[in-house]
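This is coords_38.tsv. It holds TSV, C-alpha atoms.
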chain	number	residue	atom	x	y	z
R	1	MET	CA	-21.27	-9.99	12.78
R	2	SER	CA	-24.05	-7.91	11.26
R	3	ARG	CA	-23.02	-4.66	12.96
R	4	PHE	CA	-22.76	-1.60	10.70
R	5	ILE	CA	-19.32	0.01	10.49
R	6	GLU	CA	-19.24	3.55	9.18
R	7	ILE	CA	-16.27	4.26	6.92
R	8	VAL	CA	-15.45	7.93	6.47
R	9	GLU	CA	-13.82	8.38	3.05
R	10	VAL	CA	-10.83	10.74	3.37
R	11	GLY	CA	-9.30	10.29	-0.08
R	12	PRO	CA	-10.25	13.69	-1.54
R	13	ARG	CA	-8.43	15.47	1.29
R	14	ASP	CA	-5.95	13.32	3.19
R	15	GLY	CA	-5.45	11.08	0.17
R	16	LEU	CA	-4.43	13.93	-2.13
R	17	GLN	CA	-2.67	16.43	0.15
R	18	ASN	CA	0.77	14.84	-0.24
R	19	GLU	CA	0.64	14.05	-3.96
R	20	LYS	CA	3.09	15.71	-6.36
R	21	THR	CA	0.44	15.79	-9.08
R	22	LEU	CA	-2.13	18.45	-8.29
R	23	LEU	CA	-5.70	17.67	-9.28
R	24	THR	CA	-7.94	20.54	-10.32
R	25	PRO	CA	-11.02	21.38	-8.25
R	26	ALA	CA	-13.13	19.90	-11.05
R	27	GLN	CA	-11.20	16.62	-10.90
R	28	ARG	CA	-11.56	16.51	-7.12
R	29	VAL	CA	-15.31	17.07	-7.45
R	30	GLU	CA	-15.49	14.18	-9.90
R	31	LEU	CA	-13.58	12.00	-7.43
R	32	ILE	CA	-16.07	12.89	-4.69
R	33	ARG	CA	-19.01	12.12	-6.95
R	34	ARG	CA	-17.55	8.73	-7.88
R	35	LEU	CA	-16.89	7.91	-4.23
R	36	GLU	CA	-20.41	8.86	-3.24
R	37	ALA	CA	-21.79	6.74	-6.08
R	38	ALA	CA	-19.72	3.88	-4.61
R	39	GLY	CA	-21.40	4.30	-1.24
R	40	ALA	CA	-19.55	7.03	0.66
R	41	ARG	CA	-21.94	8.83	2.99
R	42	ARG	CA	-19.39	10.86	4.94
R	43	THR	CA	-16.50	12.21	2.88
R	44	GLU	CA	-13.63	14.50	3.83
R	45	THR	CA	-13.81	16.72	0.78
R	46	VAL	CA	-11.70	19.83	1.41
R	47	SER	CA	-9.14	21.45	3.66
R	48	PHE	CA	-9.59	25.07	4.72
R	49	VAL	CA	-5.87	25.74	5.00
R	50	ASN	CA	-3.51	28.19	3.36
R	51	PRO	CA	-3.05	26.97	-0.26
R	52	ALA	CA	0.50	28.33	-0.22
R	53	ARG	CA	1.35	25.64	2.33
R	54	VAL	CA	-0.78	22.86	0.86
R	55	PRO	CA	-1.36	23.68	-2.83
R	56	GLN	CA	-3.06	20.31	-3.37
R	57	MET	CA	-6.03	21.69	-1.40
R	58	ALA	CA	-6.42	25.01	-3.24
R	59	GLY	CA	-9.93	25.87	-4.38
R	60	ALA	CA	-11.86	24.57	-1.37
R	61	GLU	CA	-14.71	27.01	-1.91
R	62	GLU	CA	-14.95	26.01	-5.56
R	63	VAL	CA	-15.17	22.32	-4.63
R	64	CYS	CA	-17.87	22.98	-2.03
R	65	ALA	CA	-19.92	25.11	-4.42
R	66	ALA	CA	-19.92	22.31	-7.01
R	67	LEU	CA	-21.38	19.76	-4.58
R	68	PRO	CA	-25.16	20.10	-4.30
R	69	THR	CA	-26.69	19.74	-0.86
R	70	ASP	CA	-27.68	16.15	-0.18
R	71	ALA	CA	-29.40	15.20	3.06
R	72	ALA	CA	-28.14	11.61	2.68
R	73	ARG	CA	-24.49	12.69	2.56
R	74	SER	CA	-22.13	14.70	4.72
R	75	ARG	CA	-19.13	16.60	3.36
R	76	ILE	CA	-16.35	17.33	5.84
R	77	GLY	CA	-13.85	20.19	5.76
R	78	LEU	CA	-10.58	20.14	7.71
R	79	VAL	CA	-10.05	23.20	9.92
R	80	LEU	CA	-6.94	24.35	11.79
R	81	ASN	CA	-7.96	27.77	13.10
R	82	MET	CA	-10.79	30.27	13.41
R	83	ARG	CA	-10.20	31.49	9.87
R	84	GLY	CA	-10.70	27.94	8.64
R	85	TRP	CA	-13.89	27.66	10.71
R	86	ASP	CA	-15.25	30.86	9.17
R	87	ARG	CA	-14.53	29.47	5.69
R	88	ALA	CA	-16.28	26.20	6.55
R	89	VAL	CA	-19.34	28.10	7.75
R	90	SER	CA	-19.43	30.34	4.68
R	91	THR	CA	-19.35	27.38	2.28
R	92	GLY	CA	-22.17	25.54	4.03
R	93	CYS	CA	-19.92	22.57	4.77
R	94	ASP	CA	-21.81	19.81	6.62
R	95	GLU	CA	-19.03	19.08	9.11
R	96	ALA	CA	-15.84	20.73	10.28
R	97	ASN	CA	-13.02	18.58	11.61
R	98	VAL	CA	-10.48	20.45	13.74
R	99	VAL	CA	-7.03	18.89	13.96
R	100	VAL	CA	-5.10	19.06	17.23
R	101	CYS	CA	-1.59	17.60	17.38
R	102	ALA	CA	-0.93	15.35	20.36
R	103	SER	CA	2.73	16.42	20.47
R	104	ASN	CA	4.11	19.92	20.63
R	105	ALA	CA	6.93	19.23	18.15
R	106	PHE	CA	4.52	18.04	15.47
R	107	GLY	CA	2.13	20.87	16.24
R	108	LEU	CA	4.80	23.51	15.77
R	109	ARG	CA	5.95	22.04	12.45
R	110	ASN	CA	2.49	21.20	11.13
R	111	GLN	CA	0.42	24.12	12.39
R	112	GLY	CA	2.84	26.58	13.94
R	113	SER	CA	1.35	26.23	17.42
R	114	THR	CA	1.58	24.07	20.52
R	115	THR	CA	-0.95	21.48	21.60
R	116	ALA	CA	-2.26	23.82	24.31
R	117	GLU	CA	-2.72	26.63	21.78
R	118	GLN	CA	-4.56	24.28	19.43
R	119	MET	CA	-6.84	23.12	22.25
R	120	ALA	CA	-7.63	26.74	23.02
R	121	THR	CA	-8.55	27.25	19.37
R	122	LEU	CA	-10.77	24.17	19.46
R	123	ALA	CA	-12.55	25.50	22.55
R	124	ALA	CA	-13.05	28.90	20.91
R	125	ILE	CA	-14.51	27.30	17.79
R	126	ALA	CA	-16.82	25.09	19.87
R	127	GLU	CA	-18.01	28.13	21.81
R	128	ARG	CA	-18.58	30.11	18.60
R	129	ARG	CA	-20.57	27.25	17.13
R	130	ALA	CA	-22.66	26.90	20.30
R	131	ALA	CA	-23.46	30.62	20.22
R	132	GLU	CA	-23.91	31.21	16.50
R	133	GLY	CA	-24.58	27.79	14.96
R	134	GLY	CA	-22.64	26.13	12.17
R	135	PRO	CA	-21.72	22.69	10.87
R	136	ARG	CA	-21.28	19.62	13.02
R	137	LEU	CA	-17.95	19.67	14.79
R	138	SER	CA	-15.36	16.98	15.43
R	139	VAL	CA	-11.74	16.93	16.54
R	140	THR	CA	-8.95	14.64	15.36
R	141	PHE	CA	-5.92	14.18	17.58
R	142	SER	CA	-3.08	13.61	15.13
R	143	VAL	CA	0.09	11.63	16.05
R	144	ALA	CA	-1.91	10.09	18.91
R	145	PHE	CA	0.13	6.89	18.70
R	146	GLY	CA	3.58	8.35	17.97
R	147	CYS	CA	5.33	11.49	16.72
R	148	PRO	CA	8.10	11.61	14.09
R	149	PHE	CA	9.96	14.24	16.12
R	150	GLU	CA	9.26	13.38	19.78
R	151	GLY	CA	8.89	9.62	19.44
R	152	GLU	CA	6.43	7.86	21.71
R	153	VAL	CA	3.36	9.82	22.77
R	154	ALA	CA	2.27	8.82	26.26
R	155	PRO	CA	-1.23	7.33	26.32
R	156	ALA	CA	-1.95	9.40	29.43
R	157	ARG	CA	-1.39	12.56	27.41
R	158	VAL	CA	-3.86	11.44	24.75
R	159	ILE	CA	-6.42	10.42	27.38
R	160	ASP	CA	-6.12	13.86	29.01
R	161	LEU	CA	-6.69	15.55	25.64
R	162	VAL	CA	-9.72	13.35	24.93
R	163	ARG	CA	-11.15	14.16	28.37
R	164	GLU	CA	-10.67	17.89	27.74
R	165	ALA	CA	-12.28	17.69	24.30
R	166	ALA	CA	-15.20	15.64	25.61
R	167	ALA	CA	-16.13	18.53	27.90
R	168	LEU	CA	-16.68	20.78	24.86
R	169	PRO	CA	-19.86	21.03	22.76
R	170	LEU	CA	-18.69	18.89	19.84
R	171	ASP	CA	-19.93	15.68	18.25
R	172	GLU	CA	-17.05	13.28	17.65
R	173	ILE	CA	-13.46	12.62	18.76
R	174	ALA	CA	-10.93	10.84	16.55
R	175	LEU	CA	-7.54	9.29	17.30
R	176	ALA	CA	-5.14	9.34	14.35
R	177	ASP	CA	-2.04	7.25	13.76
R	178	THR	CA	-0.68	9.90	11.41
R	179	ILE	CA	2.65	8.22	10.72
R	180	GLY	CA	1.61	4.57	10.97
R	181	VAL	CA	3.44	3.42	14.10
R	182	ALA	CA	0.63	1.87	16.15
R	183	ASP	CA	0.17	-1.81	16.94
R	184	PRO	CA	-3.20	-3.52	17.49
R	185	TRP	CA	-2.63	-4.25	21.18
R	186	GLY	CA	-1.74	-0.62	21.87
R	187	VAL	CA	-4.75	0.51	19.85
R	188	ARG	CA	-7.07	-1.64	21.91
R	189	ARG	CA	-5.66	-0.37	25.20
R	190	LEU	CA	-5.92	3.28	24.18
R	191	VAL	CA	-9.42	2.92	22.72
R	192	GLU	CA	-10.68	1.19	25.85
R	193	ALA	CA	-9.20	3.94	28.02
R	194	CYS	CA	-10.59	6.74	25.86
R	195	ARG	CA	-14.08	5.25	25.54
R	196	SER	CA	-14.59	5.84	29.25
R	197	GLU	CA	-13.70	9.53	28.78
R	198	VAL	CA	-15.70	10.55	25.69
R	199	ALA	CA	-18.88	11.38	27.61
R	200	GLY	CA	-21.21	9.77	25.10
R	201	LYS	CA	-19.55	11.28	22.05
R	202	ARG	CA	-18.62	9.07	19.11
R	203	LEU	CA	-15.04	7.83	18.91
R	204	ARG	CA	-13.47	7.51	15.45
R	205	LEU	CA	-10.13	6.02	14.36
R	206	HIS	CA	-7.76	7.02	11.56
R	207	PHE	CA	-4.90	4.72	10.54
R	208	HIS	CA	-2.03	4.94	8.09
R	209	ASP	CA	-0.41	1.78	6.77
R	210	THR	CA	3.19	2.99	6.83
R	211	ARG	CA	4.43	-0.11	8.64
R	212	ASN	CA	1.82	-2.57	7.36
R	213	THR	CA	-0.24	-2.63	10.57
R	214	GLY	CA	-3.17	-0.46	9.42
R	215	LEU	CA	-5.80	-3.18	8.94
R	216	ALA	CA	-4.72	-5.00	12.10
R	217	ASN	CA	-5.16	-1.74	13.99
R	218	ALA	CA	-8.60	-1.22	12.43
R	219	PHE	CA	-9.55	-4.75	13.53
R	220	ALA	CA	-8.39	-4.01	17.08
R	221	GLY	CA	-10.38	-0.79	17.18
R	222	ILE	CA	-13.54	-2.54	16.02
R	223	GLU	CA	-13.02	-5.32	18.55
R	224	ALA	CA	-12.72	-2.60	21.22
R	225	GLY	CA	-16.12	-1.22	20.22
R	226	VAL	CA	-15.38	1.57	17.73
R	227	ASP	CA	-17.74	1.67	14.74
R	228	VAL	CA	-16.41	4.68	12.79
R	229	LEU	CA	-13.11	4.52	10.87
R	230	ASP	CA	-11.42	6.67	8.25
R	231	ALA	CA	-10.05	5.16	5.04
R	232	SER	CA	-8.83	6.37	1.65
R	233	CYS	CA	-9.76	4.91	-1.72
R	234	GLY	CA	-6.71	3.34	-3.37
R	235	GLY	CA	-4.73	3.62	-0.14
R	236	LEU	CA	-3.76	7.19	-1.06
R	237	GLY	CA	-2.47	9.54	1.59
R	238	GLY	CA	0.37	11.01	3.55
R	239	CYS	CA	1.26	14.14	5.46
R	240	PRO	CA	3.45	16.90	3.94
R	241	PHE	CA	4.87	17.63	7.40
R	242	ALA	CA	5.60	14.05	8.53
R	243	PRO	CA	8.75	12.44	7.11
R	244	ASN	CA	8.14	9.08	5.37
R	245	ALA	CA	4.42	9.04	6.19
R	246	THR	CA	2.62	6.96	3.60
R	247	GLY	CA	-0.99	6.31	2.72
R	248	ASN	CA	-4.09	5.62	4.73
R	249	ILE	CA	-5.60	2.16	4.91
R	250	GLY	CA	-7.38	1.56	1.61
R	251	THR	CA	-11.15	1.92	1.69
R	252	GLU	CA	-11.55	-1.11	-0.54
R	253	ASP	CA	-9.27	-3.18	1.72
R	254	LEU	CA	-11.25	-2.22	4.82
R	255	VAL	CA	-14.59	-2.86	3.08
R	256	TYR	CA	-13.37	-6.27	1.85
R	257	MET	CA	-12.18	-7.33	5.29
R	258	LEU	CA	-15.33	-6.19	7.06
R	259	GLU	CA	-17.83	-7.55	4.58
R	260	ARG	CA	-16.06	-10.93	4.39
R	261	ALA	CA	-16.62	-11.11	8.15
R	262	GLY	CA	-20.30	-10.20	7.84
R	263	PHE	CA	-20.20	-6.54	8.84
R	264	GLU	CA	-22.18	-4.01	6.82
R	265	THR	CA	-20.54	-0.92	5.28
R	266	GLY	CA	-22.91	0.27	2.55
R	267	TYR	CA	-20.10	0.39	-0.04
R	268	ASP	CA	-20.01	-1.06	-3.56
R	269	LEU	CA	-16.63	-2.77	-3.74
R	270	PRO	CA	-16.34	-3.01	-7.57
R	271	ALA	CA	-17.18	0.71	-7.82
R	272	LEU	CA	-14.50	1.52	-5.23
R	273	ILE	CA	-11.93	-0.44	-7.21
R	274	SER	CA	-12.92	1.36	-10.41
R	275	THR	CA	-12.64	4.72	-8.64
R	276	ALA	CA	-9.21	3.84	-7.23
R	277	GLU	CA	-7.96	2.88	-10.70
R	278	TRP	CA	-9.36	6.11	-12.14
R	279	VAL	CA	-7.87	8.50	-9.59
R	280	CYS	CA	-4.51	6.71	-9.50
R	281	GLY	CA	-4.45	6.98	-13.29
R	282	LEU	CA	-4.80	10.74	-12.94
R	283	LEU	CA	-1.97	10.76	-10.42
R	284	GLY	CA	0.24	8.47	-12.51
R	285	LYS	CA	0.68	5.87	-9.80
R	286	ILE	CA	-0.32	2.32	-8.92
R	287	PRO	CA	-2.92	1.93	-6.14
R	288	THR	CA	-1.39	0.70	-2.90
R	289	ALA	CA	-4.67	-0.85	-1.70
R	290	SER	CA	-4.25	-4.61	-2.00
R	291	VAL	CA	-7.80	-5.40	-3.10
R	292	THR	CA	-7.53	-3.09	-6.10
R	293	ARG	CA	-4.26	-4.75	-7.11
R	294	ALA	CA	-5.36	-8.35	-6.44
R	295	GLY	CA	-9.01	-8.17	-7.43
R	296	LEU	CA	-12.23	-9.44	-5.88
R	297	PHE	CA	-12.81	-12.82	-4.29
R	298	PRO	CA	-14.65	-15.03	-4.99
R	299	LEU	CA	-13.61	-14.47	-8.58
R	300	SER	CA	-16.39	-13.52	-10.98
R	301	ALA	CA	-17.37	-16.12	-13.57
Take the structure I supplied and represent it as structure tokens, if you would.
Amino acid sequence: MSRFIEIVEVGPRDGLQNEKTLLTPAQRVELIRRLEAAGARRTETVSFVNPARVPQMAGAEEVCAALPTDAARSRIGLVLNMRGWDRAVSTGCDEANVVVCASNAFGLRNQGSTTAEQMATLAAIAERRAAEGGPRLSVTFSVAFGCPFEGEVAPARVIDLVREAAALPLDEIALADTIGVADPWGVRRLVEACRSEVAGKRLRLHFHDTRNTGLANAFAGIEAGVDVLDASCGGLGGCPFAPNATGNIGTEDLVYMLERAGFETGYDLPALISTAEWVCGLLGKIPTASVTRAGLFPLSA
């Protein structure tokens, strides 16, 4: 198993957005620098959302300005609307990731709009980018495996959304288990169905470990042919608008599992552990990622 698996580090955005302790832009920049030193090549660094709603993400422009351009790295900004897209363009962000909620109930609570309205926004952003240029563009379908308000999300609905997105001029489509309800068998079925609809675009997966199935779901996605997954250093994460949603799968846990099996990730596991301990120290919490708590294996002499 020498295949390369790309791990997109989402700790600086998704990892921090639900924390009670607010890190300063300077602290978030330091986190990004440490993660990149540990091997992160694609990092979700900021969220171009209203800081009144998500104060943990205030100062996005300041964070972007402090990160020098690096052709070997890509910094991703989360975007919910055209205003967010304009901010991403103005900062010179490398990638913009538009979030579309797979259920109307979650969309109305999280973004104040229905799924259809969010898809219309995505299409408008894609058209603007095609006409005027801008950063690479991806879409993440949140609550693709289950919604805290509507319950089960029909796979057919997600497949239809993926098909619609694949017809747009964008680069990557992600399926997110925002509240951690997926199982590996369901993941495999949905990935296999969506891979036939993505029209050559990359498919990415995003898992939360709320119910202790995150790594099993990542395994299932990889077995189904996906080679891009999100993860968060220390297992940090959660959604302010999803009740009881806990952290993402830990980057160090995913790296450990993959590299033990012979996959390549490009990450430095001891540096990831050190970074997780550092950022969790700032937040006053214990890392939830198991590898950081248990340590490396084989044990060093």
Taking only C-alpha atoms into account, name the residue in R:Arg42, R:Ile5, R:Met119, R:Ala65 that is nearest to Glu223 of chain R.
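Closest candidate: R:Ile5.
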Contacts of Ala154 of chain R within 12 Å, only C-alpha atoms, excl. fewer than 4 positions in-chain, as a PyMOL selection string:
chain R and resi 102-103+143-147+150+158-161+186+190
Students should find that atom CA of Arg163 of chain R and atom CA of Phe141 of chain R are spaced 12.0 Å
For segment 7-90 of chain R versus segment 244-248 of chain R, which residues have an atom no more than 12 Å away, and what is each residue's nearest atom pair and distance in Å rounded to one decimal, using only C-alpha atoms, chain-then-number order, as CSV?
residue,atom,partner,partner_atom,distance
R:Val8,CA,R:Asn248,CA,11.7
R:Glu9,CA,R:Asn248,CA,10.3
R:Val10,CA,R:Asn248,CA,8.6
R:Gly11,CA,R:Asn248,CA,8.5
R:Pro12,CA,R:Asn248,CA,11.9
R:Arg13,CA,R:Asn248,CA,11.3
R:Asp14,CA,R:Asn248,CA,8.1
R:Gly15,CA,R:Gly247,CA,7.0
R:Leu16,CA,R:Gly247,CA,9.7
R:Gln17,CA,R:Gly247,CA,10.6
R:Asn18,CA,R:Thr246,CA,9.0
R:Glu19,CA,R:Gly247,CA,10.4
For the residues in the current selection, export C-alpha atoms as a short mmCIF file (atom, residue, chain, number, x, y, z; two decimals), in the coordinates of the input.
data_model
loop_
_atom_site.label_atom_id
_atom_site.label_comp_id
_atom_site.auth_asym_id
_atom_site.auth_seq_id
_atom_site.Cartn_x
_atom_site.Cartn_y
_atom_site.Cartn_z
CA VAL R 8 -15.45 7.93 6.47
CA GLU R 9 -13.82 8.38 3.05
CA VAL R 10 -10.83 10.74 3.37
CA GLY R 11 -9.30 10.29 -0.08
CA PRO R 12 -10.25 13.69 -1.54
CA ARG R 13 -8.43 15.47 1.29
CA ASP R 14 -5.95 13.32 3.19
CA GLY R 15 -5.45 11.08 0.17
CA LEU R 16 -4.43 13.93 -2.13
CA GLN R 17 -2.67 16.43 0.15
CA ASN R 18 0.77 14.84 -0.24
CA GLU R 19 0.64 14.05 -3.96
#
Near Gly39 of chain R, counting all atoms listed in the file, which residues have an atom at most 9 Å away, once you skip same-chain residues fewer than 4 positions from it, shown as a ChimeraX atom specification?
/R:34-35,265-269,271-272
Now that the selection is made, can you save its residues with C-alpha atoms as a JSON list (two decimals), keeping the file's coordinate frame?
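Result written to result_27.json:
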[["chain", "number", "residue", "atom", "x", "y", "z"],
["R", 34, "ARG", "CA", -17.55, 8.73, -7.88],
["R", 35, "LEU", "CA", -16.89, 7.91, -4.23],
["R", 265, "THR", "CA", -20.54, -0.92, 5.28],
["R", 266, "GLY", "CA", -22.91, 0.27, 2.55],
["R", 267, "TYR", "CA", -20.10, 0.39, -0.04],
["R", 268, "ASP", "CA", -20.01, -1.06, -3.56],
["R", 269, "LEU", "CA", -16.63, -2.77, -3.74],
["R", 271, "ALA", "CA", -17.18, 0.71, -7.82],
["R", 272, "LEU", "CA", -14.50, 1.52, -5.23]]
Would you mind putting all heavy atoms back on segment 62-72 of chain R and writing the result as a PDB file, in the frame of the given file?
ATOM      1  N   GLU R  62     -14.477  26.463  -4.246  1.00  0.00           N
ATOM      2  CA  GLU R  62     -14.950  26.010  -5.560  1.00  0.00           C
ATOM      3  C   GLU R  62     -15.460  24.569  -5.497  1.00  0.00           C
ATOM      4  O   GLU R  62     -16.497  24.235  -6.087  1.00  0.00           O
ATOM      5  CB  GLU R  62     -13.811  26.128  -6.571  1.00  0.00           C
ATOM      6  CG  GLU R  62     -14.217  25.844  -8.006  1.00  0.00           C
ATOM      7  CD  GLU R  62     -13.078  26.032  -8.989  1.00  0.00           C
ATOM      8  OE1 GLU R  62     -12.058  26.658  -8.617  1.00  0.00           O
ATOM      9  OE2 GLU R  62     -13.197  25.541 -10.130  1.00  0.00           O
ATOM     10  N   VAL R  63     -14.745  23.709  -4.778  1.00  0.00           N
ATOM     11  CA  VAL R  63     -15.170  22.320  -4.630  1.00  0.00           C
ATOM     12  C   VAL R  63     -16.516  22.259  -3.901  1.00  0.00           C
ATOM     13  O   VAL R  63     -17.448  21.558  -4.324  1.00  0.00           O
ATOM     14  CB  VAL R  63     -14.108  21.495  -3.884  1.00  0.00           C
ATOM     15  CG1 VAL R  63     -14.653  20.111  -3.525  1.00  0.00           C
ATOM     16  CG2 VAL R  63     -12.850  21.361  -4.726  1.00  0.00           C
ATOM     17  N   CYS R  64     -16.629  22.992  -2.802  1.00  0.00           N
ATOM     18  CA  CYS R  64     -17.870  22.980  -2.030  1.00  0.00           C
ATOM     19  C   CYS R  64     -19.051  23.481  -2.851  1.00  0.00           C
ATOM     20  O   CYS R  64     -20.151  22.920  -2.786  1.00  0.00           O
ATOM     21  CB  CYS R  64     -17.717  23.823  -0.768  1.00  0.00           C
ATOM     22  SG  CYS R  64     -16.593  23.129   0.468  1.00  0.00           S
ATOM     23  N   ALA R  65     -18.838  24.529  -3.627  1.00  0.00           N
ATOM     24  CA  ALA R  65     -19.920  25.110  -4.420  1.00  0.00           C
ATOM     25  C   ALA R  65     -20.414  24.146  -5.489  1.00  0.00           C
ATOM     26  O   ALA R  65     -21.576  24.214  -5.911  1.00  0.00           O
ATOM     27  CB  ALA R  65     -19.448  26.410  -5.065  1.00  0.00           C
ATOM     28  N   ALA R  66     -19.549  23.243  -5.945  1.00  0.00           N
ATOM     29  CA  ALA R  66     -19.920  22.310  -7.010  1.00  0.00           C
ATOM     30  C   ALA R  66     -20.635  21.067  -6.495  1.00  0.00           C
ATOM     31  O   ALA R  66     -21.101  20.249  -7.294  1.00  0.00           O
ATOM     32  CB  ALA R  66     -18.666  21.887  -7.786  1.00  0.00           C
ATOM     33  N   LEU R  67     -20.731  20.934  -5.168  1.00  0.00           N
ATOM     34  CA  LEU R  67     -21.380  19.760  -4.580  1.00  0.00           C
ATOM     35  C   LEU R  67     -22.762  20.155  -4.064  1.00  0.00           C
ATOM     36  O   LEU R  67     -22.876  20.859  -3.051  1.00  0.00           O
ATOM     37  CB  LEU R  67     -20.543  19.205  -3.429  1.00  0.00           C
ATOM     38  CG  LEU R  67     -19.166  18.659  -3.809  1.00  0.00           C
ATOM     39  CD1 LEU R  67     -18.353  18.367  -2.553  1.00  0.00           C
ATOM     40  CD2 LEU R  67     -19.308  17.399  -4.656  1.00  0.00           C
ATOM     41  N   PRO R  68     -23.812  19.731  -4.737  1.00  0.00           N
ATOM     42  CA  PRO R  68     -25.160  20.100  -4.300  1.00  0.00           C
ATOM     43  C   PRO R  68     -25.478  19.501  -2.938  1.00  0.00           C
ATOM     44  O   PRO R  68     -25.000  18.418  -2.582  1.00  0.00           O
ATOM     45  CB  PRO R  68     -26.062  19.516  -5.390  1.00  0.00           C
ATOM     46  CG  PRO R  68     -25.263  18.403  -5.986  1.00  0.00           C
ATOM     47  CD  PRO R  68     -23.834  18.847  -5.913  1.00  0.00           C
ATOM     48  N   THR R  69     -26.278  20.228  -2.165  1.00  0.00           N
ATOM     49  CA  THR R  69     -26.690  19.740  -0.860  1.00  0.00           C
ATOM     50  C   THR R  69     -27.426  18.414  -1.001  1.00  0.00           C
ATOM     51  O   THR R  69     -28.266  18.244  -1.873  1.00  0.00           O
ATOM     52  CB  THR R  69     -27.596  20.766  -0.167  1.00  0.00           C
ATOM     53  OG1 THR R  69     -26.876  21.993  -0.010  1.00  0.00           O
ATOM     54  CG2 THR R  69     -28.044  20.260   1.200  1.00  0.00           C
ATOM     55  N   ASP R  70     -27.076  17.475  -0.137  1.00  0.00           N
ATOM     56  CA  ASP R  70     -27.680  16.150  -0.180  1.00  0.00           C
ATOM     57  C   ASP R  70     -27.866  15.682   1.257  1.00  0.00           C
ATOM     58  O   ASP R  70     -26.900  15.453   1.977  1.00  0.00           O
ATOM     59  CB  ASP R  70     -26.777  15.183  -0.950  1.00  0.00           C
ATOM     60  CG  ASP R  70     -27.411  13.818  -1.161  1.00  0.00           C
ATOM     61  OD1 ASP R  70     -28.315  13.453  -0.389  1.00  0.00           O
ATOM     62  OD2 ASP R  70     -26.976  13.101  -2.078  1.00  0.00           O
ATOM     63  N   ALA R  71     -29.118  15.556   1.670  1.00  0.00           N
ATOM     64  CA  ALA R  71     -29.400  15.200   3.060  1.00  0.00           C
ATOM     65  C   ALA R  71     -28.866  13.822   3.424  1.00  0.00           C
ATOM     66  O   ALA R  71     -28.656  13.513   4.602  1.00  0.00           O
ATOM     67  CB  ALA R  71     -30.908  15.246   3.307  1.00  0.00           C
ATOM     68  N   ALA R  72     -28.628  12.969   2.423  1.00  0.00           N
ATOM     69  CA  ALA R  72     -28.140  11.610   2.680  1.00  0.00           C
ATOM     70  C   ALA R  72     -26.625  11.556   2.801  1.00  0.00           C
ATOM     71  O   ALA R  72     -26.069  10.497   3.082  1.00  0.00           O
ATOM     72  CB  ALA R  72     -28.599  10.671   1.575  1.00  0.00           C
TER      73      ALA R  72
END
